[in-house]
>>> print(open('data_32.cif').read())   # mmCIF, C-alpha atoms
data_entry
#
loop_
_atom_site.label_atom_id
_atom_site.label_comp_id
_atom_site.auth_asym_id
_atom_site.auth_seq_id
_atom_site.Cartn_x
_atom_site.Cartn_y
_atom_site.Cartn_z
CA MET F 1 4.14 34.80 -1.45
CA PRO F 2 7.39 32.99 -2.30
CA GLN F 3 6.36 29.64 -0.79
CA LEU F 4 4.24 28.30 2.07
CA ASN F 5 6.90 27.53 4.64
CA PRO F 6 10.57 27.52 3.62
CA ASN F 7 11.59 26.48 7.16
CA ILE F 8 9.29 23.46 7.44
CA SER F 9 11.03 20.50 9.08
CA GLU F 10 11.54 17.09 7.50
CA LYS F 11 9.47 15.55 10.31
CA GLU F 12 6.54 17.81 9.39
CA LEU F 13 6.97 16.97 5.72
CA GLN F 14 6.96 13.23 6.51
CA ALA F 15 3.66 13.67 8.36
CA HIS F 16 2.19 15.51 5.38
CA ALA F 17 3.36 12.73 3.04
CA ARG F 18 1.57 10.16 5.21
CA ASP F 19 -1.62 12.21 5.19
CA LEU F 20 -1.33 12.67 1.43
CA ARG F 21 -1.14 8.90 0.94
CA VAL F 22 -4.25 8.40 3.06
CA TRP F 23 -6.18 11.01 1.08
CA CYS F 24 -5.16 9.36 -2.20
CA LEU F 25 -6.47 5.98 -1.07
CA LYS F 26 -9.71 7.39 0.37
CA MET F 27 -10.41 9.36 -2.81
CA ILE F 28 -9.79 6.41 -5.11
CA HIS F 29 -11.83 4.08 -2.89
CA LYS F 30 -14.77 6.49 -2.85
CA ALA F 31 -14.60 6.85 -6.64
CA ALA F 32 -14.17 3.07 -7.04
CA SER F 33 -11.75 4.04 -9.81
CA GLY F 34 -8.27 5.49 -10.16
CA HIS F 35 -4.55 4.79 -10.03
CA PRO F 36 -3.27 4.15 -6.50
CA GLY F 37 0.14 2.65 -7.35
CA GLY F 38 1.51 5.64 -9.25
CA SER F 39 -0.16 8.13 -6.91
CA LEU F 40 1.52 6.64 -3.83
CA SER F 41 4.92 6.63 -5.52
CA LEU F 42 4.58 10.41 -5.90
CA ALA F 43 3.81 11.19 -2.25
CA GLU F 44 7.19 12.59 -1.20
CA ILE F 45 7.69 14.40 -4.51
CA MET F 46 4.34 16.18 -4.23
CA THR F 47 4.85 16.95 -0.54
CA ALA F 48 8.29 18.45 -1.08
CA PHE F 49 7.12 20.65 -3.93
CA TYR F 50 3.82 21.93 -2.58
CA PHE F 51 4.89 22.44 1.04
CA LYS F 52 8.42 23.75 0.50
CA LEU F 53 9.93 24.05 -2.97
CA LEU F 54 7.35 25.72 -5.21
CA LYS F 55 7.05 29.47 -5.49
CA HIS F 56 3.26 29.61 -5.49
CA ASP F 57 0.24 31.16 -3.81
CA PRO F 58 -2.79 28.87 -3.26
CA LYS F 59 -4.99 31.94 -2.74
CA ASN F 60 -3.85 33.44 -6.03
CA PRO F 61 -3.23 30.49 -8.39
CA THR F 62 -2.81 32.73 -11.45
CA TRP F 63 -0.05 34.82 -9.83
CA LYS F 64 2.18 35.73 -12.79
CA GLU F 65 5.50 35.17 -10.98
CA ARG F 66 4.64 31.66 -9.77
CA ASP F 67 6.64 28.58 -10.65
CA ARG F 68 4.85 26.22 -13.04
CA PHE F 69 4.30 22.60 -12.03
CA ILE F 70 3.15 20.14 -14.70
CA LEU F 71 2.08 16.60 -13.85
CA SER F 72 2.67 14.96 -17.20
CA LYS F 73 1.76 11.51 -15.81
CA GLY F 74 -1.78 12.74 -15.33
CA HIS F 75 -3.13 9.48 -13.93
CA GLY F 76 -1.18 10.21 -10.72
CA VAL F 77 -3.26 13.33 -10.11
CA PRO F 78 -4.87 12.16 -6.83
CA ALA F 79 -1.49 12.93 -5.24
CA GLN F 80 -1.54 16.43 -6.73
CA TYR F 81 -5.14 17.05 -5.71
CA ALA F 82 -4.34 15.99 -2.15
CA ALA F 83 -1.30 18.29 -2.02
CA MET F 84 -3.31 21.19 -3.41
CA ALA F 85 -6.13 20.74 -0.91
CA MET F 86 -3.71 20.35 2.00
CA THR F 87 -1.93 23.60 1.05
CA GLY F 88 -5.13 25.61 0.67
CA TYR F 89 -6.12 25.69 -3.00
CA PHE F 90 -9.54 24.28 -2.07
CA SER F 91 -11.27 22.46 0.79
CA THR F 92 -10.28 18.88 1.52
CA ASP F 93 -14.03 18.11 1.41
CA LEU F 94 -13.80 18.39 -2.38
CA LEU F 95 -11.32 15.52 -2.53
CA MET F 96 -14.06 12.97 -2.06
CA THR F 97 -15.67 14.07 -5.34
CA LEU F 98 -12.79 12.62 -7.38
CA ARG F 99 -13.99 11.38 -10.78
CA SER F 100 -17.60 12.38 -10.04
CA LEU F 101 -19.74 13.89 -12.78
CA GLY F 102 -19.35 17.67 -12.68
CA SER F 103 -16.46 17.65 -10.21
CA PRO F 104 -13.39 19.78 -11.02
CA LEU F 105 -11.34 16.83 -9.78
CA GLN F 106 -11.40 14.68 -12.86
CA GLY F 107 -9.46 11.45 -13.28
CA HIS F 108 -6.76 13.40 -15.12
CA PRO F 109 -5.82 17.07 -14.57
CA ASP F 110 -8.17 19.54 -16.26
CA ARG F 111 -6.80 23.08 -16.44
CA ALA F 112 -10.17 24.49 -17.51
CA ARG F 113 -11.94 23.14 -14.43
CA LEU F 114 -9.49 23.60 -11.58
CA PRO F 115 -7.46 26.76 -10.85
CA GLY F 116 -3.90 25.78 -9.95
CA ILE F 117 -3.63 23.07 -12.60
CA GLU F 118 -1.16 24.32 -15.20
CA ALA F 119 -1.83 21.81 -17.99
CA SER F 120 -4.48 19.28 -18.94
CA THR F 121 -2.54 16.04 -19.11
CA GLY F 122 -3.11 12.31 -19.28
CA SER F 123 -2.36 11.80 -22.95
CA LEU F 124 1.11 10.62 -22.05
CA GLY F 125 4.25 12.18 -23.45
CA GLN F 126 3.10 15.80 -23.78
CA GLY F 127 4.16 17.43 -20.52
CA LEU F 128 7.82 18.07 -21.27
CA SER F 129 6.91 19.87 -24.50
CA ILE F 130 4.43 22.00 -22.54
CA ALA F 131 7.18 22.79 -20.03
CA GLN F 132 9.40 23.96 -22.89
CA GLY F 133 6.69 26.27 -24.19
CA MET F 134 6.14 27.77 -20.75
CA ALA F 135 9.86 28.33 -20.25
CA LEU F 136 10.15 30.05 -23.64
CA GLY F 137 7.19 32.24 -22.70
CA HIS F 138 8.86 33.16 -19.41
CA ARG F 139 12.00 34.13 -21.29
CA LEU F 140 10.01 36.45 -23.58
CA ASP F 141 8.17 37.95 -20.60
CA LYS F 142 11.36 38.22 -18.54
CA ILE F 143 9.90 36.09 -15.73
CA ASP F 144 12.51 34.36 -13.57
CA SER F 145 10.38 31.39 -12.51
CA MET F 146 11.06 27.67 -12.66
CA VAL F 147 9.12 25.13 -14.69
CA TYR F 148 8.85 21.63 -13.23
CA CYS F 149 7.55 18.59 -15.10
CA VAL F 150 6.89 15.21 -13.46
CA MET F 151 6.85 12.26 -15.84
CA GLY F 152 6.23 8.56 -15.42
CA ASP F 153 8.90 6.08 -16.40
CA GLY F 154 6.52 4.23 -18.71
CA GLU F 155 5.59 7.60 -20.14
CA ILE F 156 9.11 8.31 -21.35
CA GLN F 157 8.71 5.46 -23.83
CA GLU F 158 6.82 8.10 -25.85
CA GLY F 159 8.75 9.68 -28.72
CA GLN F 160 7.50 13.19 -28.00
CA ILE F 161 9.42 13.15 -24.72
CA TRP F 162 12.68 12.72 -26.61
CA GLU F 163 11.90 15.48 -29.09
CA ALA F 164 11.51 17.82 -26.12
CA ALA F 165 14.60 16.31 -24.51
CA MET F 166 16.61 17.38 -27.57
CA SER F 167 14.98 20.77 -27.98
CA ILE F 168 15.08 22.07 -24.40
CA PRO F 169 18.91 21.96 -24.10
CA MET F 170 19.25 23.43 -27.59
CA HIS F 171 17.31 26.49 -26.41
CA LYS F 172 19.35 26.57 -23.17
CA LEU F 173 16.22 26.46 -21.03
CA ASP F 174 17.98 25.89 -17.73
CA ARG F 175 14.90 26.82 -15.70
CA VAL F 176 13.22 23.59 -16.83
CA VAL F 177 13.49 20.75 -14.32
CA GLY F 178 12.17 17.32 -15.22
CA ILE F 179 11.44 14.64 -12.65
CA VAL F 180 11.05 11.00 -13.68
CA ASP F 181 8.96 8.95 -11.23
CA TRP F 182 10.98 5.78 -11.78
CA ASN F 183 8.65 3.27 -10.10
CA LYS F 184 9.45 0.64 -12.74
CA GLY F 185 5.87 -0.47 -13.43
CA GLN F 186 3.20 0.37 -15.96
CA ILE F 187 -0.24 -0.97 -16.80
CA ASP F 188 1.10 -3.76 -19.03
CA GLY F 189 3.85 -4.95 -16.68
CA GLN F 190 7.39 -4.03 -15.74
CA VAL F 191 8.74 -1.10 -17.74
CA LYS F 192 11.90 -3.02 -18.65
CA ASP F 193 9.79 -5.78 -20.20
CA VAL F 194 7.39 -3.54 -22.12
CA MET F 195 9.99 -1.13 -23.56
CA ASN F 196 13.26 -0.85 -21.69
CA ILE F 197 14.20 2.77 -20.96
CA GLU F 198 17.43 2.20 -19.08
CA PRO F 199 19.96 3.65 -18.58
CA ILE F 200 17.71 6.67 -18.05
CA GLY F 201 20.33 9.05 -16.70
CA ASP F 202 22.86 8.30 -19.44
CA LYS F 203 20.24 8.98 -22.11
CA PHE F 204 19.36 12.43 -20.77
CA THR F 205 23.04 13.23 -20.20
CA ALA F 206 23.69 12.45 -23.87
CA PHE F 207 20.90 14.85 -24.81
CA GLY F 208 22.57 17.68 -22.87
CA TRP F 209 20.82 17.56 -19.50
CA ASN F 210 22.29 17.91 -16.04
CA VAL F 211 21.16 14.60 -14.46
CA ILE F 212 20.66 13.96 -10.74
CA ALA F 213 19.75 10.47 -9.49
CA ILE F 214 18.02 10.30 -6.11
CA ASP F 215 15.93 8.19 -3.77
CA GLY F 216 12.48 9.48 -4.69
CA HIS F 217 11.09 8.70 -1.24
CA SER F 218 13.74 10.76 0.59
CA LEU F 219 12.38 14.23 1.21
CA SER F 220 15.86 15.59 1.94
CA ALA F 221 17.18 14.12 -1.33
CA ILE F 222 14.33 15.65 -3.34
CA ILE F 223 14.86 19.05 -1.75
CA LYS F 224 18.63 18.92 -2.24
CA ALA F 225 18.23 17.94 -5.91
CA VAL F 226 15.84 20.79 -6.67
CA GLU F 227 18.04 23.28 -4.86
CA GLN F 228 20.97 22.00 -6.94
CA ALA F 229 18.88 22.44 -10.11
CA LYS F 230 18.17 26.06 -9.14
CA LYS F 231 21.88 26.70 -8.63
CA ASN F 232 22.40 25.33 -12.14
CA VAL F 233 20.40 28.22 -13.64
CA GLY F 234 22.76 30.25 -15.78
CA SER F 235 24.61 27.21 -17.10
CA GLY F 236 22.31 26.82 -20.10
CA LYS F 237 21.65 23.18 -19.15
CA PRO F 238 18.24 21.96 -17.95
CA THR F 239 18.11 19.44 -15.11
CA MET F 240 16.55 15.97 -15.08
CA ILE F 241 15.98 14.33 -11.69
CA VAL F 242 15.64 10.55 -11.87
CA ALA F 243 13.70 9.64 -8.73
CA ASP F 244 13.98 5.96 -7.78
CA THR F 245 10.55 5.11 -6.34
CA LEU F 246 8.33 2.14 -5.54
CA LYS F 247 4.85 1.72 -7.00
CA GLY F 248 2.31 1.57 -4.16
CA LYS F 249 4.88 2.88 -1.65
CA GLY F 250 3.70 2.77 1.95
CA VAL F 251 1.25 -0.10 1.58
CA LYS F 252 2.89 -3.52 1.66
CA PHE F 253 0.31 -5.42 -0.36
CA MET F 254 0.37 -2.73 -3.04
CA GLU F 255 4.17 -2.67 -3.11
CA GLU F 256 4.18 -6.44 -3.57
CA GLY F 257 1.31 -6.44 -6.09
CA GLN F 258 2.72 -3.44 -7.95
CA ASN F 259 1.25 -3.58 -11.44
CA ALA F 260 -2.03 -5.05 -10.21
CA TRP F 261 -2.48 -1.72 -8.40
CA HIS F 262 -1.70 0.50 -11.36
CA GLY F 263 -5.38 1.20 -12.00
CA SER F 264 -7.42 -0.69 -9.39
CA ALA F 265 -9.34 0.84 -6.47
CA PRO F 266 -9.04 -0.77 -3.02
CA SER F 267 -12.04 -2.40 -1.36
CA THR F 268 -13.24 -1.13 2.01
CA GLU F 269 -11.32 -3.87 3.78
CA GLN F 270 -8.17 -3.11 1.79
CA LEU F 271 -8.56 0.62 2.42
CA ASP F 272 -8.77 0.10 6.18
CA LYS F 273 -5.71 -2.16 6.13
CA ALA F 274 -3.73 0.32 4.02
CA VAL F 275 -4.63 3.35 6.13
CA ASN F 276 -3.77 1.53 9.36
CA GLU F 277 -0.38 0.59 7.91
CA ILE F 278 0.40 4.11 6.70
CA MET F 279 -0.63 5.76 9.96
CA GLY F 280 1.16 3.15 12.02
CA GLY F 281 4.47 4.93 11.59
CA GLY F 282 5.57 4.08 8.04
CA LYS F 283 7.09 6.84 5.97
#
>>> encode(input="data_32.cif", output="structure tokens")
Amino acid sequence: MPQLNPNISEKELQAHARDLRVWCLKMIHKAASGHPGGSLSLAEIMTAFYFKLLKHDPKNPTWKERDRFILSKGHGVPAQYAAMAMTGYFSTDLLMTLRSLGSPLQGHPDRARLPGIEASTGSLGQGLSIAQGMALGHRLDKIDSMVYCVMGDGEIQEGQIWEAAMSIPMHKLDRVVGIVDWNKGQIDGQVKDVMNIEPIGDKFTAFGWNVIAIDGHSLSAIIKAVEQAKKNVGSGKPTMIVADTLKGKGVKFMEEGQNAWHGSAPSTEQLDKAVNEIMGGGK
């Protein structure tokens, strides 16, 4: 199947993004461990891809013609697990086993344990290189599928990212689309204070990428950017989408606390407050 529902409305997608946020918080609370801030900042990105943009089949996760989706910032995987469960890869009941011994839903993506996960990530900086390898493989196999790679902004402080950033344009791999979740925070503080990465777009432009800057919480902007990247196929230039996001998006006390919520699970009281806020009409 080419995708789940190409005609899904933005209103429906917004509802899915709200539900995805709630699942992330419930999973992390139950596990008493995880990364809520960077999972919530991914909610619209994951919703747009899994419900509309990806060419994939949840009932046949090894379908050869599928698009590949790599979550290089593996600590944000609760958002991916929630999107996968909500689109039918597995039952939502499994979500509450996050980080449990023996569960396929480990704290970072594990390709060997969960069908539908394309790469085992979490050792930051590796995903874009994996995306390059997949795209080269597609070229050899004559598969016209896209390869998407979501990276964290703190993650792109890693040197391996920039080796791939040089190599992918050199090989004219224009079916590679990178997405930077630019939420501006990492475990040690603000990204600009730990190792400044700005101006992100100018850097990737200099390396030969087609760069698109968007509001990473606007579903229409995400969809438009990916559609633009697909139209760019044939140019020889890969696309990098710089998605301006907010760590902890959707929960006021997490947005304000930001880095304190990089890797801390909410208490029962905090969970109830957060869920009530998300379901009270916030995007």
>>> closest_atom_pairs(input="data_32.cif", of="region 116-147 of chain F", to="region 152-170 of chain F", cutoff="7 Å", atoms="all atoms listed in the file", output="Markdown table")
| residue | atom | partner | partner_atom | distance |
| --- | --- | --- | --- | --- |
| F:Leu124 | CA | F:Glu155 | CA | 5.7 |
| F:Gly125 | CA | F:Glu158 | CA | 5.4 |
| F:Gln126 | CA | F:Gln160 | CA | 6.6 |
| F:Leu128 | CA | F:Ala164 | CA | 6.1 |
| F:Ser129 | CA | F:Ala164 | CA | 5.3 |
| F:Gln132 | CA | F:Ile168 | CA | 6.2 |
>>> residues_around(input="data_32.cif", residues="region 100-112 of chain F", least_positions_apart="4", cutoff="10 Å", atoms="all atoms listed in the file", output="ChimeraX atom specification")
/F:28,30-31,33-35,70-78,80-81,94-96,116-123
>>> closest_residue(input="data_32.cif", among="F:Leu20, F:Trp63, F:Leu42, F:Arg68", to="Met84 (chain F)", atoms="all atoms listed in the file")
F:Leu20
>>> resolve_selection(input="data_32.cif", expression="the PyMOL selection byres ((chain F and resi 61) around 12)", output="PDB file with C-alpha atoms, in the coordinates of the input")
ATOM      1  CA  MET F   1       4.140  34.800  -1.450  1.00  0.00           C
ATOM      2  CA  LYS F  55       7.050  29.470  -5.490  1.00  0.00           C
ATOM      3  CA  HIS F  56       3.260  29.610  -5.490  1.00  0.00           C
ATOM      4  CA  ASP F  57       0.240  31.160  -3.810  1.00  0.00           C
ATOM      5  CA  PRO F  58      -2.790  28.870  -3.260  1.00  0.00           C
ATOM      6  CA  LYS F  59      -4.990  31.940  -2.740  1.00  0.00           C
ATOM      7  CA  ASN F  60      -3.850  33.440  -6.030  1.00  0.00           C
ATOM      8  CA  THR F  62      -2.810  32.730 -11.450  1.00  0.00           C
ATOM      9  CA  TRP F  63      -0.050  34.820  -9.830  1.00  0.00           C
ATOM     10  CA  LYS F  64       2.180  35.730 -12.790  1.00  0.00           C
ATOM     11  CA  GLU F  65       5.500  35.170 -10.980  1.00  0.00           C
ATOM     12  CA  ARG F  66       4.640  31.660  -9.770  1.00  0.00           C
ATOM     13  CA  ASP F  67       6.640  28.580 -10.650  1.00  0.00           C
ATOM     14  CA  ARG F  68       4.850  26.220 -13.040  1.00  0.00           C
ATOM     15  CA  PHE F  69       4.300  22.600 -12.030  1.00  0.00           C
ATOM     16  CA  MET F  84      -3.310  21.190  -3.410  1.00  0.00           C
ATOM     17  CA  THR F  87      -1.930  23.600   1.050  1.00  0.00           C
ATOM     18  CA  GLY F  88      -5.130  25.610   0.670  1.00  0.00           C
ATOM     19  CA  TYR F  89      -6.120  25.690  -3.000  1.00  0.00           C
ATOM     20  CA  PHE F  90      -9.540  24.280  -2.070  1.00  0.00           C
ATOM     21  CA  ARG F 111      -6.800  23.080 -16.440  1.00  0.00           C
ATOM     22  CA  LEU F 114      -9.490  23.600 -11.580  1.00  0.00           C
ATOM     23  CA  PRO F 115      -7.460  26.760 -10.850  1.00  0.00           C
ATOM     24  CA  GLY F 116      -3.900  25.780  -9.950  1.00  0.00           C
ATOM     25  CA  ILE F 117      -3.630  23.070 -12.600  1.00  0.00           C
ATOM     26  CA  GLU F 118      -1.160  24.320 -15.200  1.00  0.00           C
TER      27      GLU F 118
END
>>> resolve_selection(input="data_32.cif", expression="the PyMOL selection byres ((chain F and resi 222) around 10)", output="PyMOL selection string")
chain F and resi 44-45+47-49+53+179+212-221+223-228+241+243
>>> atom_distance(input="data_32.cif", atom1="CA of Pro6 (chain F)", atom2="CA of Gly234 (chain F)")
23.1 Å
>>> atom_distance(input="data_32.cif", atom1="CA of Gly280 (chain F)", atom2="CA of Trp23 (chain F)")
15.3 Å
>>> resolve_selection(input="data_32.cif", expression="the PyMOL selection byres ((chain F and resi 37) around 7)", output="ChimeraX atom specification")
/F:35-36,38-41,247-248,254,258,261-262
>>> atom_distance(input="data_32.cif", atom1="CA of Lys142 (chain F)", atom2="CA of Ala229 (chain F)")
19.4 Å
>>> closest_residue(input="data_32.cif", among="F:Asp141, F:Asp174, F:Glu277, F:Glu198", to="Gly250 (chain F)", atoms="all atoms listed in the file")
F:Glu277
>>> decode(input="data_32.cif", residues="region 139-169 of chain F", atoms="N, CA and C atoms", output="short mmCIF file (atom, residue, chain, number, x, y, z; two decimals), in the first residue's frame")
data_model
loop_
_atom_site.label_atom_id
_atom_site.label_comp_id
_atom_site.auth_asym_id
_atom_site.auth_seq_id
_atom_site.Cartn_x
_atom_site.Cartn_y
_atom_site.Cartn_z
N ARG F 139 19.75 2.55 -4.89
CA ARG F 139 20.22 2.85 -6.25
C ARG F 139 20.68 1.58 -6.96
N LEU F 140 21.43 0.74 -6.26
CA LEU F 140 21.91 -0.52 -6.86
C LEU F 140 20.75 -1.45 -7.19
N ASP F 141 19.72 -1.45 -6.32
CA ASP F 141 18.58 -2.34 -6.52
C ASP F 141 17.49 -1.73 -7.40
N LYS F 142 17.73 -0.48 -7.84
CA LYS F 142 16.75 0.23 -8.67
C LYS F 142 15.40 0.36 -7.97
N ILE F 143 15.45 0.74 -6.69
CA ILE F 143 14.26 0.99 -5.89
C ILE F 143 14.07 2.50 -5.76
N ASP F 144 12.90 2.99 -6.18
CA ASP F 144 12.63 4.43 -6.15
C ASP F 144 11.90 4.81 -4.87
N SER F 145 12.53 4.59 -3.74
CA SER F 145 11.95 4.93 -2.45
C SER F 145 12.78 6.02 -1.78
N MET F 146 12.12 6.73 -0.86
CA MET F 146 12.79 7.80 -0.13
C MET F 146 13.43 7.25 1.15
N VAL F 147 14.45 7.95 1.61
CA VAL F 147 15.08 7.62 2.89
C VAL F 147 15.05 8.88 3.76
N TYR F 148 14.38 8.79 4.89
CA TYR F 148 14.23 9.92 5.80
C TYR F 148 15.03 9.67 7.07
N CYS F 149 15.68 10.71 7.57
CA CYS F 149 16.48 10.58 8.78
C CYS F 149 16.22 11.77 9.70
N VAL F 150 15.69 11.50 10.89
CA VAL F 150 15.41 12.54 11.87
C VAL F 150 16.55 12.60 12.88
N MET F 151 17.13 13.79 13.00
CA MET F 151 18.26 14.00 13.91
C MET F 151 17.90 15.03 14.97
N GLY F 152 18.56 14.95 16.12
CA GLY F 152 18.43 15.98 17.12
C GLY F 152 19.42 17.10 16.84
N ASP F 153 19.12 18.29 17.37
CA ASP F 153 20.04 19.40 17.12
C ASP F 153 21.33 19.23 17.93
N GLY F 154 21.23 18.73 19.15
CA GLY F 154 22.45 18.41 19.90
C GLY F 154 23.24 17.31 19.23
N GLU F 155 22.53 16.42 18.56
CA GLU F 155 23.19 15.30 17.88
C GLU F 155 24.10 15.78 16.76
N ILE F 156 23.72 16.86 16.09
CA ILE F 156 24.53 17.26 14.93
C ILE F 156 25.81 17.98 15.35
N GLN F 157 26.09 17.97 16.66
CA GLN F 157 27.42 18.36 17.13
C GLN F 157 28.44 17.25 16.83
N GLU F 158 27.94 16.06 16.51
CA GLU F 158 28.80 14.91 16.25
C GLU F 158 29.46 15.02 14.87
N GLY F 159 30.75 14.72 14.82
CA GLY F 159 31.50 14.84 13.57
C GLY F 159 31.02 13.91 12.47
N GLN F 160 30.52 12.73 12.84
CA GLN F 160 30.08 11.78 11.82
C GLN F 160 28.94 12.33 10.98
N ILE F 161 28.11 13.17 11.59
CA ILE F 161 27.02 13.80 10.85
C ILE F 161 27.59 14.59 9.66
N TRP F 162 28.68 15.31 9.90
CA TRP F 162 29.21 16.19 8.87
C TRP F 162 30.00 15.42 7.81
N GLU F 163 30.52 14.27 8.15
CA GLU F 163 31.10 13.40 7.12
C GLU F 163 30.01 12.95 6.15
N ALA F 164 28.87 12.53 6.71
CA ALA F 164 27.75 12.12 5.86
C ALA F 164 27.19 13.32 5.09
N ALA F 165 27.18 14.48 5.74
CA ALA F 165 26.67 15.68 5.08
C ALA F 165 27.50 16.04 3.86
N MET F 166 28.80 15.75 3.88
CA MET F 166 29.65 15.96 2.71
C MET F 166 29.44 14.87 1.66
N SER F 167 29.33 13.64 2.13
CA SER F 167 29.34 12.49 1.22
C SER F 167 28.03 12.32 0.45
N ILE F 168 26.91 12.58 1.10
CA ILE F 168 25.61 12.36 0.47
C ILE F 168 25.43 13.24 -0.77
N PRO F 169 25.73 14.55 -0.72
CA PRO F 169 25.63 15.34 -1.95
C PRO F 169 26.64 14.91 -3.02
#
